[in-house]
$ cat work_18.pdb   # PDB, C-alpha atoms
MODEL        1
ATOM      1  CA  MET A   1     -20.783  43.285 -17.126
ATOM      2  CA  THR A   2     -21.298  41.192 -20.214
ATOM      3  CA  THR A   3     -22.774  37.704 -20.029
ATOM      4  CA  ALA A   4     -19.430  36.116 -20.953
ATOM      5  CA  ARG A   5     -17.625  37.998 -18.188
ATOM      6  CA  ALA A   6     -20.333  37.110 -15.670
ATOM      7  CA  VAL A   7     -20.081  33.427 -16.604
ATOM      8  CA  ALA A   8     -16.271  33.566 -16.389
ATOM      9  CA  ALA A   9     -16.483  35.214 -12.948
ATOM     10  CA  VAL A  10     -18.881  32.515 -11.718
ATOM     11  CA  VAL A  11     -16.652  29.755 -13.115
ATOM     12  CA  ILE A  12     -13.568  31.217 -11.420
ATOM     13  CA  PHE A  13     -15.459  31.628  -8.149
ATOM     14  CA  LEU A  14     -16.654  28.007  -8.294
ATOM     15  CA  MET A  15     -13.140  26.734  -9.093
ATOM     16  CA  VAL A  16     -11.680  28.608  -6.105
ATOM     17  CA  ALA A  17     -14.520  27.482  -3.824
ATOM     18  CA  LEU A  18     -14.225  23.842  -4.890
ATOM     19  CA  SER A  19     -10.445  23.908  -4.523
ATOM     20  CA  ALA A  20     -10.675  25.320  -1.002
ATOM     21  CA  SER A  21     -13.434  22.846  -0.162
ATOM     22  CA  HIS A  22     -11.308  19.923  -1.390
ATOM     23  CA  MET A  23      -8.276  21.045   0.614
ATOM     24  CA  ALA A  24     -10.339  21.389   3.772
ATOM     25  CA  SER A  25     -12.502  18.320   3.196
ATOM     26  CA  SER A  26     -11.088  16.445   6.147
ATOM     27  CA  LEU A  27     -10.805  19.373   8.579
ATOM     28  CA  ARG A  28     -14.092  20.998   9.581
ATOM     29  CA  LEU A  29     -14.962  23.604  12.185
ATOM     30  CA  GLY A  30     -16.807  22.160  15.156
ATOM     31  CA  ALA A  31     -19.246  23.841  17.536
ATOM     32  CA  GLY A  32     -16.414  25.351  19.581
ATOM     33  CA  GLY A  33     -14.618  26.658  16.515
ATOM     34  CA  LEU A  34     -11.777  24.142  16.811
ATOM     35  CA  GLY A  35     -10.918  21.976  13.848
ATOM     36  CA  VAL A  36     -12.515  18.544  13.870
ATOM     37  CA  CYS A  37     -10.754  15.916  11.816
ATOM     38  CA  ARG A  38     -12.996  13.667   9.734
ATOM     39  CA  ALA A  39     -12.246  10.480   7.816
ATOM     40  CA  SER A  40     -10.704  11.154   4.403
ATOM     41  CA  GLY A  41     -11.500   7.698   3.033
ATOM     42  CA  TYR A  42     -11.920   4.030   3.885
ATOM     43  CA  LEU A  43      -9.460   1.154   3.638
ATOM     44  CA  PRO A  44     -10.837  -2.274   2.686
ATOM     45  CA  GLY A  45      -9.745  -4.818   5.285
ATOM     46  CA  ARG A  46      -7.475  -7.752   4.533
ATOM     47  CA  SER A  47      -6.689 -10.296   7.218
ATOM     48  CA  GLY A  48      -3.268 -11.872   7.646
ATOM     49  CA  ASN A  49      -0.692 -12.952  10.206
ATOM     50  CA  CYS A  50      -1.507 -10.482  13.010
ATOM     51  CA  GLU A  51       0.968 -10.810  15.923
ATOM     52  CA  LYS A  52      -1.193 -10.567  19.055
ATOM     53  CA  SER A  53       1.261  -9.870  21.904
ATOM     54  CA  ASN A  54      -0.665  -6.803  23.151
ATOM     55  CA  ASP A  55      -4.147  -7.908  22.069
ATOM     56  CA  PRO A  56      -4.325  -5.647  18.983
ATOM     57  CA  ASP A  57      -7.370  -5.230  16.782
ATOM     58  CA  CYS A  58      -6.653  -7.311  13.698
ATOM     59  CA  CYS A  59      -8.067  -6.560  10.240
ATOM     60  CA  GLU A  60     -11.013  -8.523   8.943
ATOM     61  CA  ASP A  61     -11.520  -9.361   5.275
ATOM     62  CA  GLY A  62     -13.991  -7.003   3.619
ATOM     63  CA  LYS A  63     -14.501  -4.697   6.610
ATOM     64  CA  GLU A  64     -13.928  -1.001   5.846
ATOM     65  CA  TYR A  65     -11.677   1.010   8.150
ATOM     66  CA  PRO A  66     -11.642   4.846   8.287
ATOM     67  CA  GLN A  67      -8.493   6.647   7.154
ATOM     68  CA  TYR A  68      -7.368  10.017   8.534
ATOM     69  CA  ARG A  69      -4.793  12.415   7.126
ATOM     70  CA  CYS A  70      -5.355  14.843   9.998
ATOM     71  CA  SER A  71      -5.615  14.826  13.788
ATOM     72  CA  PRO A  72      -7.408  17.184  16.179
ATOM     73  CA  PRO A  73      -5.534  20.447  16.834
ATOM     74  CA  VAL A  74      -2.682  20.286  19.344
ATOM     75  CA  THR A  75      -3.361  22.401  22.442
ATOM     76  CA  ALA A  76      -1.696  22.908  25.809
ATOM     77  CA  SER A  77      -3.603  19.809  26.946
ATOM     78  CA  THR A  78      -4.537  17.746  23.876
ATOM     79  CA  LYS A  79      -7.120  15.029  24.506
ATOM     80  CA  ALA A  80      -6.159  11.620  23.126
ATOM     81  CA  VAL A  81      -6.515   7.885  23.603
ATOM     82  CA  LEU A  82      -3.510   5.959  24.912
ATOM     83  CA  THR A  83      -3.060   2.512  23.380
ATOM     84  CA  LEU A  84      -0.510  -0.164  24.171
ATOM     85  CA  ASN A  85       2.207  -1.092  21.684
ATOM     86  CA  SER A  86       5.479  -2.945  21.754
ATOM     87  CA  PHE A  87       8.280  -1.372  19.734
ATOM     88  CA  GLU A  88      10.419  -4.514  20.038
ATOM     89  CA  LYS A  89      11.364  -6.626  17.027
ATOM     90  CA  GLY A  90       8.886  -9.412  16.344
ATOM     91  CA  LYS A  91       6.128  -7.895  18.485
ATOM     92  CA  ASP A  92       2.875  -6.151  17.511
ATOM     93  CA  GLY A  93       4.514  -2.852  16.529
ATOM     94  CA  GLY A  94       5.421  -4.124  13.063
ATOM     95  CA  GLY A  95       8.660  -2.834  11.529
ATOM     96  CA  PRO A  96      11.314  -0.580  13.034
ATOM     97  CA  SER A  97      10.346   2.886  14.232
ATOM     98  CA  GLU A  98      10.077   5.462  11.468
ATOM     99  CA  CYS A  99      12.094   8.186  13.187
ATOM    100  CA  ASP A 100      15.296   6.218  13.703
ATOM    101  CA  ASN A 101      14.761   2.956  11.787
ATOM    102  CA  ALA A 102      15.335   1.068  15.065
ATOM    103  CA  TYR A 103      13.442  -1.133  17.475
ATOM    104  CA  HIS A 104      12.974  -0.062  21.102
ATOM    105  CA  SER A 105      12.832  -2.061  24.310
ATOM    106  CA  ASP A 106       9.526  -2.312  26.161
ATOM    107  CA  GLU A 107      11.455  -0.684  29.045
ATOM    108  CA  GLU A 108      11.911   2.563  27.064
ATOM    109  CA  LYS A 109       9.329   5.339  27.376
ATOM    110  CA  VAL A 110       8.510   5.783  23.674
ATOM    111  CA  VAL A 111       5.374   6.545  21.666
ATOM    112  CA  ALA A 112       3.930   6.660  18.174
ATOM    113  CA  LEU A 113       1.540   9.504  17.290
ATOM    114  CA  SER A 114      -1.392   9.441  14.876
ATOM    115  CA  THR A 115      -0.525  10.603  11.345
ATOM    116  CA  GLY A 116      -1.721  14.201  11.750
ATOM    117  CA  TRP A 117       0.156  14.723  15.015
ATOM    118  CA  PHE A 118       3.252  12.921  13.707
ATOM    119  CA  SER A 119       3.248  15.617  11.018
ATOM    120  CA  ASN A 120       5.599  14.024   8.457
ATOM    121  CA  MET A 121       8.229  13.237  11.095
ATOM    122  CA  ALA A 122       8.231  16.821  12.466
ATOM    123  CA  ARG A 123       7.821  15.510  16.046
ATOM    124  CA  CYS A 124      10.515  12.807  15.778
ATOM    125  CA  GLY A 125      12.699  12.768  18.870
ATOM    126  CA  HIS A 126      10.506  15.254  20.738
ATOM    127  CA  GLN A 127       9.593  14.586  24.348
ATOM    128  CA  ILE A 128       5.866  14.823  25.050
ATOM    129  CA  LYS A 129       4.212  14.944  28.457
ATOM    130  CA  ILE A 130       1.414  12.387  28.885
ATOM    131  CA  SER A 131      -1.056  12.737  31.760
ATOM    132  CA  ALA A 132      -3.661  10.282  33.050
ATOM    133  CA  ASN A 133      -5.361   9.737  36.411
ATOM    134  CA  GLY A 134      -3.312  12.451  38.114
ATOM    135  CA  ASN A 135       0.024  11.018  36.948
ATOM    136  CA  SER A 136       2.376  12.311  34.250
ATOM    137  CA  VAL A 137       5.320  10.919  32.306
ATOM    138  CA  TYR A 138       7.598  12.124  29.536
ATOM    139  CA  ALA A 139       8.023   9.931  26.472
ATOM    140  CA  LYS A 140       9.974  10.250  23.248
ATOM    141  CA  VAL A 141       8.222  10.250  19.865
ATOM    142  CA  VAL A 142       9.846   7.533  17.730
ATOM    143  CA  ASP A 143       7.139   6.465  15.293
ATOM    144  CA  GLU A 144       3.901   7.182  13.479
ATOM    145  CA  CYS A 145       0.698   5.397  14.391
ATOM    146  CA  ASP A 146      -0.383   5.287  10.749
ATOM    147  CA  SER A 147      -3.920   6.636  10.348
ATOM    148  CA  VAL A 148      -3.986   6.056   6.567
ATOM    149  CA  HIS A 149      -2.421   2.665   5.847
ATOM    150  CA  GLY A 150      -2.872  -0.731   7.450
ATOM    151  CA  CYS A 151      -4.149  -4.272   6.989
ATOM    152  CA  ASP A 152      -0.764  -5.364   5.617
ATOM    153  CA  ASP A 153       2.409  -7.005   6.893
ATOM    154  CA  GLU A 154       4.167  -3.673   7.560
ATOM    155  CA  HIS A 155       1.319  -2.722   9.936
ATOM    156  CA  ASN A 156       0.917  -6.172  11.554
ATOM    157  CA  PHE A 157      -2.394  -6.616   9.695
ATOM    158  CA  GLU A 158      -3.911  -4.037  12.030
ATOM    159  CA  PRO A 159      -6.303  -1.341  10.762
ATOM    160  CA  PRO A 160      -5.214   2.296  10.462
ATOM    161  CA  CYS A 161      -5.013   4.117  13.800
ATOM    162  CA  ASP A 162      -7.734   6.529  14.773
ATOM    163  CA  ASN A 163      -6.792  10.191  14.440
ATOM    164  CA  ASN A 164      -6.345  10.756  18.186
ATOM    165  CA  ILE A 165      -3.961   7.984  19.264
ATOM    166  CA  VAL A 166      -0.824   8.046  21.376
ATOM    167  CA  ASP A 167       0.457   4.480  20.980
ATOM    168  CA  ALA A 168       2.745   3.874  23.953
ATOM    169  CA  SER A 169       5.258   1.295  25.141
ATOM    170  CA  PRO A 170       4.596  -0.781  28.263
ATOM    171  CA  ALA A 171       7.102   1.457  30.138
ATOM    172  CA  VAL A 172       4.815   4.473  29.593
ATOM    173  CA  TRP A 173       1.813   2.539  30.878
ATOM    174  CA  ASP A 174       3.777   1.405  33.926
ATOM    175  CA  ALA A 175       5.029   4.937  34.687
ATOM    176  CA  LEU A 176       1.423   6.186  34.597
ATOM    177  CA  GLY A 177       0.326   3.354  36.903
ATOM    178  CA  LEU A 178      -2.111   2.018  34.287
ATOM    179  CA  ASP A 179      -3.384  -1.526  33.875
ATOM    180  CA  GLN A 180      -2.079  -2.744  30.504
ATOM    181  CA  SER A 181      -4.921  -5.267  30.181
ATOM    182  CA  VAL A 182      -7.360  -2.361  29.684
ATOM    183  CA  GLY A 183      -5.674  -1.546  26.353
ATOM    184  CA  MET A 184      -7.094   1.980  25.884
ATOM    185  CA  VAL A 185      -7.218   4.945  28.282
ATOM    186  CA  ASP A 186      -8.276   8.575  27.835
ATOM    187  CA  ILE A 187      -5.296  10.896  28.367
ATOM    188  CA  THR A 188      -4.019  14.358  27.611
ATOM    189  CA  TRP A 189      -0.620  15.177  26.130
ATOM    190  CA  SER A 190       1.404  18.290  25.509
ATOM    191  CA  GLU A 191       4.669  19.271  23.877
ATOM    192  CA  GLU A 192       7.446  20.117  26.289
TER     193      GLU A 192
ENDMDL
END
$ encode --input "work_18.pdb" --output "C-alpha cells"
Amino acid sequence: MTTARAVAAVVIFLMVALSASHMASSLRLGAGGLGVCRASGYLPGRSGNCEKSNDPDCCEDGKEYPQYRCSPPVTASTKAVLTLNSFEKGKDGGGPSECDNAYHSDEEKVVALSTGWFSNMARCGHQIKISANGNSVYAKVVDECDSVHGCDDEHNFEPPCDNNIVDASPAVWDALGLDQSVGMVDITWSEE
C-alpha cells in the first residue's frame, strides 16, 4: 500500500470512528451491558415566575442544569422516578399537554415521560403500568417531561427533567397510595 493510500485509509477510519462516537456520545454501555444515558449538555439557569403549586424545583440564575436527549432503555420493568405534576391550566405543568394540546384535570390518571422515553411523541396516548410499594395503576401518556429545555415560561421556569422521570398527576399518586408531599418516589413502569 502506498503512503497516500495508507493515509487516506487512516483518515477514513478516523472519520467513521468520530462520527459513530459523536452519535453515541450520550448513550454508553454500562457494567451490565445496558445503555446508560449521560448528559448531552448543560442549560444555563434563568429564574422567573415559577408557579409553585406542587413544590417544583425552580431555576436559579447562573446555575447549570444537565440536558438529556436519551433515557435509560425501556424494559419489562423500567426503573424510574415518579414526580408530581398538575396538568391543569395555570398550575405547575406549564402549557397544554404536547400530545393533544389540552389541559387535564388533576383527577385524570395522566403522565409525562422524559424526552428519551417520550420518543418524539411515539408514546402519546399509550397506557403505561406504574408500580410502587406493591400497588399498580395504569396512566395515559399525554406529555413530555422535557429533558433538554427549561428555565423559561413554557416550562414554568423549572429546569429540564432528569432522563428517568415519570411526571404524574395527583390522581396517579392517589391510586398508588403515595404521599404527595414526598414529591419523588422510586417506581417501575412498563408498556401495556
$ atom_distance --input "work_18.pdb" --atom1 "CA of Gly41 in chain A" --atom2 "CA of Thr115 in chain A"
14.1 Å
$ residues_around --input "work_18.pdb" --residues "Met184 in chain A" --least-positions-apart "4" --cutoff "10 Å" --atoms "all atoms listed in the file" --output "ChimeraX atom specification"
/A:81-84,165-167,178-180
$ residues_around --input "work_18.pdb" --residues "range 60-68 of chain A" --least-positions-apart "3" --cutoff "10 Å" --atoms "all atoms listed in the file" --output "ChimeraX atom specification"
/A:26-27,37-48,57,71,114-116,146-151,157-164
$ resolve_selection --input "work_18.pdb" --expression "the PyMOL selection byres ((chain A and resi 93-107) around 12)" --output "PyMOL selection string"
chain A and resi 49-56+83-92+108-113+115+118-126+139-146+150-158+167-175
$ residues_around --input "work_18.pdb" --residues "Ser190 in chain A" --least-positions-apart "5" --cutoff "8 Å" --atoms "all atoms listed in the file" --output "list in words"
Val74, Thr75, Ala76, Ser77, Thr78, Ile128, Lys129 and Ile130 of chain A
$ write_last_selection --input "work_18.pdb" --atoms "C-alpha atoms" --output "PDB file, in the coordinates of the input"
ATOM      1  CA  VAL A  74      -2.682  20.286  19.344  1.00  0.00           C
ATOM      2  CA  THR A  75      -3.361  22.401  22.442  1.00  0.00           C
ATOM      3  CA  ALA A  76      -1.696  22.908  25.809  1.00  0.00           C
ATOM      4  CA  SER A  77      -3.603  19.809  26.946  1.00  0.00           C
ATOM      5  CA  THR A  78      -4.537  17.746  23.876  1.00  0.00           C
ATOM      6  CA  ILE A 128       5.866  14.823  25.050  1.00  0.00           C
ATOM      7  CA  LYS A 129       4.212  14.944  28.457  1.00  0.00           C
ATOM      8  CA  ILE A 130       1.414  12.387  28.885  1.00  0.00           C
TER       9      ILE A 130
END
